[in-house]
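Colleague: Just so it is clear, I am handing over structure_30.txt, which has compact mmCIF, C-alpha atoms.
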# COMPACT_ATOMS: atom_id res chain seq x y z
CA MET A 12 4.91 114.75 107.68
CA GLN A 13 8.00 113.27 106.05
CA ILE A 14 8.89 111.35 109.20
CA ASN A 15 5.37 109.92 109.37
CA TYR A 16 5.62 108.93 105.73
CA LEU A 17 8.97 107.28 106.38
CA LYS A 18 7.60 105.39 109.36
CA GLN A 19 4.62 104.16 107.37
CA TYR A 20 6.88 103.21 104.51
CA GLY A 21 9.21 101.31 106.85
CA GLY A 22 6.25 99.57 108.44
CA LEU A 23 4.90 98.49 105.09
CA ILE A 24 8.28 97.15 103.98
CA GLU A 25 8.71 95.29 107.26
CA HIS A 26 5.23 93.80 107.03
CA HIS A 27 5.83 92.85 103.41
CA PHE A 28 9.06 91.02 104.17
CA GLN A 29 7.61 89.26 107.16
CA ARG A 30 4.67 88.04 105.13
CA THR A 31 6.64 87.02 102.05
CA VAL A 32 9.95 85.79 103.53
CA LEU A 33 10.27 85.46 107.27
CA ASN A 34 7.06 83.53 107.88
CA HIS A 35 8.15 80.92 105.37
CA LEU A 36 11.72 80.42 106.56
CA PRO A 37 12.51 77.10 108.29
CA LYS A 38 13.83 77.52 111.82
CA ASP A 39 17.21 75.97 110.99
CA ALA A 40 17.82 78.62 108.37
CA TRP A 41 17.58 81.34 110.98
CA LYS A 42 20.64 80.00 112.79
CA LYS A 43 22.72 80.00 109.62
CA LEU A 44 22.08 83.66 108.90
CA ASN A 45 24.52 84.77 111.57
CA GLU A 46 27.37 82.49 110.54
CA PRO A 47 30.54 84.20 109.31
CA GLU A 48 30.29 82.93 105.74
CA MET A 49 26.79 84.40 105.46
CA ILE A 50 28.00 87.89 106.30
CA GLU A 51 29.41 89.99 103.51
CA GLU A 52 32.83 91.43 104.27
CA PRO A 53 34.67 94.36 102.72
CA ASP A 54 37.21 93.38 100.09
CA LEU A 55 40.44 93.39 102.05
CA ASP A 56 42.26 91.94 99.03
CA ALA A 57 41.72 95.17 97.11
CA TYR A 58 44.91 96.82 95.93
CA VAL A 59 45.78 100.23 97.32
CA PHE A 60 48.41 102.87 96.68
CA CYS A 61 50.36 103.67 99.80
CA ARG A 62 53.45 105.46 101.03
CA VAL A 63 55.76 104.05 103.68
CA LEU A 64 56.34 106.51 106.52
CA GLU A 65 58.58 104.28 108.63
CA ALA A 66 60.67 101.32 107.54
CA VAL A 67 58.44 98.25 107.63
CA GLU A 68 58.46 94.59 106.75
CA ILE A 69 55.50 93.49 104.65
CA ASP A 70 54.47 89.88 104.32
CA SER A 71 52.82 89.54 100.94
CA ALA A 72 51.15 86.28 101.98
CA LEU A 73 49.40 87.91 104.92
CA GLY A 74 45.61 87.63 104.92
CA ASP A 75 45.62 85.80 101.62
CA LYS A 76 42.30 83.99 101.66
CA LYS A 77 42.18 83.16 97.98
CA GLY A 78 45.74 81.88 97.87
CA ASP A 79 46.59 83.93 94.80
CA GLY A 80 47.85 87.06 96.49
CA ALA A 81 51.49 86.02 96.80
CA ASP A 82 52.74 84.79 93.48
CA ASP A 83 56.23 83.62 92.62
CA ASP A 84 57.42 87.17 92.04
CA ASP A 85 56.86 87.99 95.70
CA GLU A 86 59.09 85.18 96.93
CA ASP A 87 62.85 85.31 97.14
CA GLU A 88 65.22 82.36 96.65
CA MET A 89 64.40 81.06 100.12
CA GLY A 90 60.66 81.16 99.48
CA ASP A 91 60.28 83.98 101.97
CA THR A 92 57.42 86.38 101.28
CA VAL A 93 58.50 89.09 103.73
CA GLN A 94 59.98 92.17 102.12
CA GLU A 95 61.51 95.22 103.75
CA HIS A 96 60.50 98.65 102.54
CA ALA A 97 62.30 101.84 103.45
CA ALA A 98 60.57 105.02 104.52
CA GLY A 99 59.45 107.17 101.62
CA SER A 100 58.82 104.39 99.14
CA CYS A 101 55.47 104.20 97.37
CA LEU A 102 53.80 100.85 96.90
CA ILE A 103 50.84 99.19 95.26
CA ALA A 104 49.89 96.43 97.65
CA ARG A 105 47.00 94.31 98.77
CA TYR A 106 45.29 96.12 101.62
CA ALA A 107 45.35 93.02 103.83
CA THR A 108 49.16 92.99 103.77
CA VAL A 109 49.52 96.61 104.89
CA ARG A 110 46.47 96.77 107.12
CA GLU A 111 48.32 96.54 110.44
CA HIS A 112 50.85 99.15 109.36
CA VAL A 113 48.04 101.50 108.35
CA PHE A 114 46.54 101.21 111.81
CA ASP A 115 49.98 101.76 113.36
CA GLY A 116 50.50 104.87 111.25
CA LYS A 117 53.61 103.48 109.57
CA ILE A 118 51.96 103.45 106.15
CA THR A 119 49.57 106.02 104.73
CA LEU A 120 47.14 105.35 101.91
CA LEU A 121 47.38 107.63 98.91
CA LEU A 122 44.42 109.21 97.20
CA MET B 27 56.64 112.32 64.30
CA ALA B 28 58.21 111.72 67.67
CA ASP B 29 61.13 109.37 67.93
CA LEU B 30 59.40 106.89 70.21
CA ASN B 31 62.25 104.43 70.05
CA ASN B 32 64.58 106.87 71.75
CA LEU B 33 61.97 108.27 74.13
CA LEU B 34 62.96 106.12 77.10
CA GLY B 35 66.61 106.87 76.51
CA GLU B 36 65.88 110.58 76.43
CA LEU B 37 63.96 110.36 79.69
CA ASP B 38 66.87 108.58 81.34
CA ASP B 39 69.31 111.15 80.07
CA ARG B 40 67.14 114.03 81.25
CA ASP B 41 68.71 114.50 84.68
CA GLU B 42 68.60 118.24 84.28
CA PRO B 43 66.06 120.59 82.70
CA TYR B 44 66.03 120.93 78.95
CA LEU B 45 66.76 124.60 79.22
CA SER B 46 69.13 126.43 81.43
CA ASP B 47 69.32 130.09 82.17
CA GLY B 48 72.72 130.35 80.59
CA PRO B 49 73.67 130.71 76.94
CA GLY B 50 71.79 128.36 74.71
CA GLY B 51 68.69 128.51 76.91
CA ALA B 52 65.24 129.93 76.25
CA ASP B 53 66.56 132.96 74.45
CA GLU B 54 68.43 130.82 72.06
CA LEU B 55 65.36 128.72 71.47
CA SER B 56 63.16 131.69 70.72
CA GLY B 57 65.65 132.85 68.14
CA ASP B 58 65.68 129.49 66.44
CA ASP B 59 63.39 129.02 63.50
CA GLY B 60 62.46 125.50 64.61
CA GLY B 61 63.94 123.62 61.77
CA GLY B 62 62.79 120.24 63.04
CA TYR B 63 65.37 117.54 63.45
CA ALA B 64 68.68 119.25 63.28
CA GLY B 65 70.54 116.14 64.19
CA ASP B 66 71.12 114.32 67.46
CA SER B 67 72.73 117.24 69.21
CA ASP B 68 71.10 119.00 72.16
CA GLY B 69 70.53 122.03 69.99
CA GLY B 70 68.27 120.05 67.71
CA ARG B 71 66.31 118.64 70.60
CA ARG B 72 65.78 122.04 72.20
CA ALA B 73 64.50 123.45 68.95
CA GLU B 74 61.49 121.10 69.14
CA LEU B 75 60.33 122.42 72.52
CA PRO B 76 57.22 124.66 72.26
CA ALA B 77 57.68 128.23 73.38
CA ALA B 78 55.11 127.97 76.19
CA LEU B 79 56.79 124.88 77.59
CA ALA B 80 60.14 126.56 77.41
CA GLU B 81 58.79 129.53 79.34
CA ALA B 82 57.30 127.23 81.98
CA GLU B 83 60.59 125.41 82.28
CA ARG B 84 62.44 128.69 82.70
CA ILE B 85 60.02 129.86 85.43
CA LYS B 86 60.34 126.56 87.22
CA ALA B 87 64.11 126.69 87.13
CA THR B 88 64.10 130.28 88.39
CA ALA B 89 61.73 129.39 91.23
CA ALA B 90 63.90 126.44 92.22
CA LEU B 91 66.98 128.65 92.22
CA ARG B 92 65.23 131.25 94.36
CA ARG B 93 64.06 128.59 96.79
CA ASP B 94 67.59 127.32 97.22
CA GLU B 95 68.79 130.84 97.95
CA ASP B 96 66.07 131.34 100.57
CA GLY B 97 67.42 128.43 102.57
CA PRO B 98 65.59 126.21 105.06
CA GLY B 99 63.37 129.01 106.37
CA TYR B 100 61.29 129.13 103.20
CA GLY B 101 57.57 128.71 103.72
CA ASP B 102 57.71 128.88 107.50
CA GLY B 103 55.86 131.32 109.63
CA ASP B 104 54.08 134.02 107.72
CA ALA B 105 52.45 132.01 104.99
CA ALA B 106 49.92 134.09 103.14
CA GLY B 107 47.38 131.32 102.89
CA PRO B 108 46.71 127.81 101.70
CA GLY B 109 49.39 126.79 99.27
CA ALA B 110 51.91 129.33 100.43
CA GLY B 111 55.25 127.78 101.16
CA THR B 112 54.51 124.65 99.22
CA ARG B 113 57.51 122.75 98.03
CA PRO B 114 56.69 121.06 94.77
CA GLY B 115 57.27 117.38 94.88
CA ASP B 116 57.46 116.73 98.58
CA GLY B 117 53.67 116.63 99.00
CA THR B 118 53.63 118.71 102.18
CA ASP B 119 52.32 122.17 102.83
CA GLU B 120 54.29 123.61 105.68
CA GLY B 121 52.38 126.86 105.85
CA ALA B 122 48.96 125.27 106.01
CA ASP B 123 47.02 124.60 109.14
CA ALA B 124 48.13 121.34 110.74
CA GLU B 125 44.62 120.57 111.92
CA TYR B 126 43.25 121.00 108.42
CA GLU B 127 45.95 118.69 107.09
CA ARG B 128 44.97 116.19 109.74
CA LEU B 129 41.33 116.31 108.60
CA LYS B 130 42.37 115.99 104.97
CA SER B 131 44.52 112.98 105.80
CA LEU B 132 41.64 111.45 107.77
CA TRP B 133 39.34 111.91 104.78
CA SER B 134 41.75 110.57 102.16
CA GLN B 135 42.59 107.53 104.29
CA GLU B 136 38.91 106.78 104.78
CA VAL B 137 38.09 107.19 101.10
CA MET B 138 40.87 104.87 99.95
CA CYS B 139 40.53 102.23 102.66
CA PRO B 140 38.24 99.29 101.87
CA GLU B 141 37.18 98.87 105.48
CA LEU B 142 35.99 101.24 108.18
CA LEU B 143 38.85 103.04 109.92
CA PRO B 144 38.84 104.15 113.56
CA ASN B 145 36.89 107.31 114.21
CA ASP B 146 38.66 110.52 115.23
CA PRO B 147 35.97 112.44 117.10
CA ASP B 148 38.34 115.17 118.32
CA THR B 149 39.37 116.31 114.86
CA VAL B 150 35.83 116.19 113.51
CA ALA B 151 34.37 118.03 116.50
CA LEU B 152 37.11 120.65 116.36
CA HIS B 153 36.47 121.42 112.71
CA ALA B 154 32.70 121.42 113.16
CA GLU B 155 33.19 124.00 115.90
CA LEU B 156 35.64 126.04 113.83
CA LEU B 157 33.24 125.92 110.91
CA GLN B 158 30.49 127.40 113.03
CA GLY B 159 32.82 130.17 114.18
CA GLN B 160 33.90 130.84 110.63
CA GLU B 161 30.32 131.18 109.46
CA ASP B 162 29.74 133.77 112.19
CA THR B 163 32.80 135.64 110.96
CA ILE B 164 31.53 135.54 107.38
CA GLU B 165 28.17 136.94 108.44
CA GLU B 166 29.89 139.71 110.38
CA LEU B 167 32.12 140.62 107.44
CA LYS B 168 29.13 140.66 105.10
CA GLU B 169 27.27 142.99 107.44
CA ARG B 170 30.30 145.28 107.59
CA ALA B 171 30.56 145.32 103.83
CA ALA B 172 26.85 146.09 103.50
CA ALA B 173 27.15 148.92 106.02
CA GLY B 174 30.10 150.39 104.11
CA LEU B 175 32.62 149.58 106.83
CA GLY B 176 36.06 148.02 106.43
CA ILE B 177 37.62 145.07 108.19
CA GLY B 178 39.01 147.09 111.08
CA GLY B 179 35.73 148.84 111.84
CA GLY B 180 36.72 152.08 110.17
CA ALA B 181 35.43 153.41 106.91
CA ASP B 182 38.31 151.93 104.93
CA GLU B 183 37.48 149.97 101.83
CA PRO B 184 34.28 147.96 102.37
CA MET B 185 35.40 145.93 99.37
CA LEU B 186 38.12 144.44 101.54
CA ALA B 187 35.54 143.12 103.97
CA SER B 188 33.61 141.59 101.11
CA LEU B 189 36.76 140.02 99.72
CA ALA B 190 37.71 138.62 103.11
CA ALA B 191 34.21 137.17 103.46
CA SER B 192 34.56 135.45 100.10
CA ILE B 193 37.91 133.94 101.06
CA TYR B 194 36.56 132.79 104.43
CA LYS B 195 33.57 131.24 102.69
CA MET B 196 35.75 129.38 100.22
CA GLU B 197 37.82 128.01 103.06
CA ALA B 198 34.71 127.04 105.02
CA ASP B 199 33.25 125.29 101.97
CA ARG B 200 36.40 123.22 101.68
CA VAL B 201 36.21 122.10 105.30
CA ARG B 202 32.48 121.48 104.99
CA PHE B 203 33.06 119.22 101.99
CA LEU B 204 35.71 117.22 103.83
CA LEU B 205 33.46 116.76 106.86
CA ALA B 206 30.44 115.82 104.74
CA ASP B 207 32.32 113.43 102.48
CA LEU B 208 34.06 111.80 105.44
CA THR B 209 30.69 111.16 107.08
CA ARG B 210 29.14 110.05 103.78
CA THR B 211 31.97 107.58 103.12
CA ARG B 212 31.82 106.12 106.60
CA LEU B 213 28.04 105.75 106.50
CA ALA B 214 28.24 104.07 103.10
CA LYS B 215 30.76 101.58 104.46
CA ILE B 216 28.60 100.88 107.50
CA GLU B 217 25.55 100.46 105.32
CA ASN B 218 27.23 98.22 102.74
CA HIS B 219 28.62 95.84 105.34
CA ALA B 220 26.22 96.41 108.19
CA LEU B 221 26.38 92.95 109.67
CA TYR B 222 30.18 92.75 109.41
CA ASN B 223 30.48 96.09 111.14
CA ARG B 224 28.57 94.89 114.17
CA GLU B 225 31.94 93.83 115.59
CA LEU B 226 33.61 97.15 114.81
CA VAL B 227 31.48 99.34 117.03
CA ASP B 228 34.56 100.64 118.82
CA ARG B 229 35.65 102.34 115.59
CA MET B 230 32.42 104.31 115.28
CA SER B 231 31.03 107.47 116.76
CA ASP B 232 27.83 107.42 118.79
CA GLU B 233 25.84 108.67 115.82
CA GLU B 234 27.25 105.98 113.54
CA VAL B 235 26.48 103.24 116.02
CA ARG B 236 22.79 104.03 115.64
CA CYS B 237 22.98 102.96 111.98
CA VAL B 238 24.26 99.49 112.80
CA PRO B 239 21.74 96.68 113.26
CA CYS B 240 23.52 95.28 116.27
CA ASP B 241 22.11 93.23 119.11
CA CYS B 242 24.83 94.45 121.43
CA CYS B 243 24.15 98.10 120.58
CA HIS B 244 20.37 98.13 120.55
CA PRO B 245 17.90 95.89 122.32
CA VAL B 246 16.37 94.80 119.03
CA SER B 247 15.37 91.29 118.14
CA PHE B 248 17.31 89.05 115.83
CA ALA B 249 14.42 89.36 113.40
CA ALA B 250 15.46 92.95 112.84
CA VAL B 251 18.86 91.75 111.63
CA VAL B 252 17.18 89.27 109.30
CA LEU B 253 14.93 92.01 108.04
CA TRP B 254 17.95 94.12 107.34
CA SER B 255 19.50 91.31 105.29
CA CYS B 256 16.25 90.84 103.37
CA TYR B 257 16.03 94.53 102.71
CA VAL B 258 19.58 94.77 101.40
CA PHE B 259 19.07 91.61 99.34
CA ALA B 260 15.84 92.91 97.86
CA SER B 261 17.24 96.32 97.04
CA ASN B 262 20.31 94.74 95.41
CA VAL B 263 18.52 92.06 93.41
CA PHE B 264 15.12 93.46 92.57
CA CYS B 265 15.85 97.18 92.85
CA VAL B 266 12.34 97.60 94.23
CA VAL B 267 13.30 100.16 96.82
CA PRO B 268 15.79 103.00 96.58
CA ARG B 269 19.11 101.83 98.04
CA ILE B 270 20.07 105.21 99.36
CA ASN B 271 17.27 105.30 101.92
CA SER B 272 17.84 101.85 103.34
CA HIS B 273 19.60 102.94 106.52
CA LEU B 274 16.89 105.51 107.18
CA THR B 275 14.15 102.94 106.84
CA ALA B 276 16.05 100.52 108.99
CA SER B 277 16.56 103.17 111.64
CA VAL B 278 12.86 103.90 111.74
CA SER B 279 12.10 100.21 111.83
CA PHE B 280 14.48 99.66 114.72
CA ALA B 281 13.27 102.74 116.54
CA ASP B 282 9.81 101.25 116.68
CA LYS B 283 11.21 98.24 118.49
CA LEU B 284 13.06 100.24 121.12
CA PRO B 285 11.48 100.30 124.56
Please lay out the structure from this file as structure tokens.
Modeller:
Amino acid sequence: MQINYLKQYGGLIEHHFQRTVLNHLPKDAWKKLNEPEMIEEPDLDAYVFCRVLEAVEIDSALGDKKGDGADDDDEDEMGDTVQEHAAGSCLIARYATVREHVFDGKITLLL
Amino acid sequence: MADLNNLLGELDDRDEPYLSDGPGGADELSGDDGGGYAGDSDGGRRAELPAALAEAERIKATAALRRDEDGPGYGDGDAAGPGAGTRPGDGTDEGADAEYERLKSLWSQEVMCPELLPNDPDTVALHAELLQGQEDTIEELKERAAAGLGIGGGADEPMLASLAASIYKMEADRVRFLLADLTRTRLAKIENHALYNRELVDRMSDEEVRCVPCDCCHPVSFAAVVLWSCYVFASNVFCVVPRINSHLTASVSFADKLP
């Protein structure tokens, strides 16, 4: 009975959206819906706590879409944004900068 | 009133515990009448420490001393249960089950990561299977306790069987929570960024793939994807429909379109 109710509910919603939205959309708009900027992405610039398991080099400018991730504090005298971190150190970093290391298992996120 | 100006300096100077087991330690403190600031000497500073904190410090120091005497073998092998053999500060639990630690790590990583992480079907399947076995054990122990039998089958202490069942159940509840919250977190991520996750199908399990409105996963029309967007938009902006059921509705909607 609940499944039937859910199916009817889904059908009603679908019919409602088709009647109120889809039937009135211009055809060009349909093509734009699948473009990358139309698709919401997870916030990879979110800051995370992490612990370094193996010595790694982290580029603080990596994956910086907004351009404000690497400030002057992250750069050394040569303007280099890559920093080395020894195993065992705990960091607060933008997720985009440590993403590859998380997948490689060199950095673990802390709860 | 605490001397806040010197607080940082005191923390830097505090390389060793306030109290030692030697003369001038906890015993000396308990004999002191707590006369407040007795000057800048260590004696004056110790006098301000509450008795309970002093006792905790003494126990901690004793435990650390005992651990050093036990040597590197401490915590290995015959751990009595979760938490046994834990070294404070190093964040590891040597006596605990490695597979359970693996599941816990999987869960914590997934909870803290903004994006969907690769699925680990082996660990999840293993714990789901172990959980089923553990529930059978709990039922068996409960039956033994109800029949007045002990753990070993003899008539020894049915209370022990009941106690063991409680401990097993607590352990099973912990694993069940991790499995449920891991799945819940992953589904929430898939649902929140459904269209983005169409390209991350290789990180999902077969069950999770069914929740994704993906042309490459299901032979559904592009209109279904648009409908999904409309649905999410409507539930976010107008709050007309309950957000929590959106993936269920979408699944039903897509299922109708399947051949």
Colleague: Quick one, how far is atom CA of Ala104 of chain A from atom CA of Thr149 of chain B?
Modeller: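 That distance, rounded to one decimal, is 28.3 Å.
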Colleague: So that I can see what lies close to segment 135-138 of chain B, please list as a list of chain:residue names the residues with an atom at most 6 Å from it, counting all atoms listed in the file and leaving out residues fewer than 3 positions away in the same chain.
Modeller: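 With the cut-off at 6 Å, the set is A:Leu120, B:Ser131, B:Leu132.
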Colleague: Under the rule that only C-alpha atoms are counted, which of B:Leu186, B:Leu157, B:Leu142, B:Ala191 is the nearest residue to chain A?
Modeller: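 Result for the nearest residue to chain A: B:Leu142.
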Colleague: Define the interface residues of chain A facing chain B as those within 6 Å, counting all atoms listed in the file, and report them as an MDAnalysis selection string.
Modeller: chainID A and resid 18 21 52:53 120 122
Colleague: Between atom CA of Ile103 of chain A and atom CA of Val59 of chain A, what distance in Å does the model show, to one decimal?
Modeller: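 So the two atoms, atom CA of Ile103 of chain A and atom CA of Val59 of chain A, lie 5.6 Å apart.
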Colleague: Calculate how many Å separate atom CA of Thr92 of chain A from atom CA of Ser71 of chain A, rounding to one decimal.
Modeller: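 Straight-line distance from atom CA of Thr92 of chain A to atom CA of Ser71 of chain A works out to 5.6 Å.
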Colleague: Pick out the residues sitting within 6 Å of Cys61 of chain A, and hand them over as a ChimeraX atom specification; count only C-alpha atoms, and ignore anything fewer than 3 positions along from it in its own chain.
Modeller: /A:101-102,119-121
Colleague: Show me the residues close to (54.7, 93.8, 103.9) - anything with an atom within 12 Å, counting all atoms listed in the file - and format the list as an NGL selection string.
Modeller: :A and (61 or 63 or 66-74 or 81 or 85-86 or 91-97 or 102-113 or 117-118)
